[in-house]
Amino acid sequence: MVSINKNILYVDANQFAEMADFYGEQLGIPAVYCDPANPGWAEFDTGSTRLCFHGNKHYKTDLSGDHMKYNHIVLCAGDIETVSGLREKFLQNGYAEKELYDVERGDVSVLVEHESYVVFWVSDPMGNILQVESVQ
């Protein structure tokens, strides 16, 4: 059986520390390896899959722009109360509240309630969209 071991996000080395803080401190994902002073590689333990950052100040590719809106990571963050509390934390930290499909850098979406779970979207410092949902 094939399984996903790592999901790599290519990040601008100038935003490496900000990205590490967002995923490690704000989302609370434990760092397996992260040295913001050496922004080449970081790994965060999300359970069965590691979320990795590959940062390089010499990239010739533009890592910003609209294409970020169409790539997003789905995170399961626990029960309904935990996910709701995490969303509130983003609002308290100054994120602007937007509709689900209007989220951009610095935004968090409204909380969408389904029959057995809740979900919201939030952008990381580079504009990648994260879908954060509760256990179903």
# chains A, B, ... in the order shown; residues from 1 in each chain; ligands from 1

$ closest_atom_pairs --of "region 69-90 of chain A" --to "region 108-114 of chain A" --cutoff "10 Å" --atoms "only C-alpha atoms" --output "Markdown table"
| residue | atom | partner | partner_atom | distance |
| --- | --- | --- | --- | --- |
| A:Ile80 | CA | A:Glu113 | CA | 9.2 |
| A:Val83 | CA | A:Leu111 | CA | 9.1 |
| A:Ser84 | CA | A:Leu111 | CA | 7.4 |
| A:Arg87 | CA | A:Val108 | CA | 7.4 |
| A:Glu88 | CA | A:Val108 | CA | 9.4 |
| A:Phe90 | CA | A:Val108 | CA | 7.0 |

$ residues_around --residues "region 92-95 of chain A" --least-positions-apart "4" --cutoff "12 Å" --atoms "only C-alpha atoms" --output "list in words"
Phe22, Gln26, Gly85, Leu86, Arg87, Glu88, Val103, Glu104, Arg105, Gly106, Asp107, Val108, Ser109, Val110, Trp121, Val122, Ser123, Asp124 and Pro125 of chain A

$ write_last_selection --atoms "C-alpha atoms" --output "PDB file, in the first residue's frame"
ATOM      1  CA  PHE A  22       2.221  30.152  12.136  1.00  0.00           C
ATOM      2  CA  GLN A  26      -0.527  29.432  16.137  1.00  0.00           C
ATOM      3  CA  GLY A  85     -11.642  27.788  19.585  1.00  0.00           C
ATOM      4  CA  LEU A  86      -8.769  27.727  17.101  1.00  0.00           C
ATOM      5  CA  ARG A  87     -10.760  29.890  14.700  1.00  0.00           C
ATOM      6  CA  GLU A  88     -11.521  32.357  17.508  1.00  0.00           C
ATOM      7  CA  VAL A 103     -10.091  34.000   2.127  1.00  0.00           C
ATOM      8  CA  GLU A 104      -6.762  35.604   1.239  1.00  0.00           C
ATOM      9  CA  ARG A 105      -3.569  36.339   3.142  1.00  0.00           C
ATOM     10  CA  GLY A 106      -4.395  37.415   6.712  1.00  0.00           C
ATOM     11  CA  ASP A 107      -8.001  36.180   6.591  1.00  0.00           C
ATOM     12  CA  VAL A 108     -10.020  33.494   8.332  1.00  0.00           C
ATOM     13  CA  SER A 109     -13.385  32.295   7.044  1.00  0.00           C
ATOM     14  CA  VAL A 110     -16.694  32.056   8.779  1.00  0.00           C
ATOM     15  CA  TRP A 121     -10.384  28.200   6.050  1.00  0.00           C
ATOM     16  CA  VAL A 122      -7.408  30.315   7.047  1.00  0.00           C
ATOM     17  CA  SER A 123      -4.434  31.594   5.085  1.00  0.00           C
ATOM     18  CA  ASP A 124      -0.839  31.128   6.162  1.00  0.00           C
ATOM     19  CA  PRO A 125       1.701  33.980   5.846  1.00  0.00           C
TER      20      PRO A 125
END

$ select_by_dssp --residues "chain A" --states "alpha helix (DSSP H)" --output "number ranges by chain"
A: 16-21, 80-92

$ select_by_dssp --residues "region 4-40 of chain A" --states "strand (DSSP E or B)" --output "MDAnalysis selection string"
chainID A and resid 6:11 31:34

$ closest_residue --among "A:Leu27, A:Ile73, A:Leu9, A:Val132" --to "Glu43 (chain A)" --atoms "only C-alpha atoms"
A:Leu9

$ atom_distance --atom1 "CA of Cys34 (chain A)" --atom2 "CA of Gly127 (chain A)"
20.4 Å

$ atom_distance --atom1 "CA of Asp12 (chain A)" --atom2 "CA of Phe53 (chain A)"
9.5 Å

$ atom_distance --atom1 "CA of Gly55 (chain A)" --atom2 "CA of Ile29 (chain A)"
18.4 Å
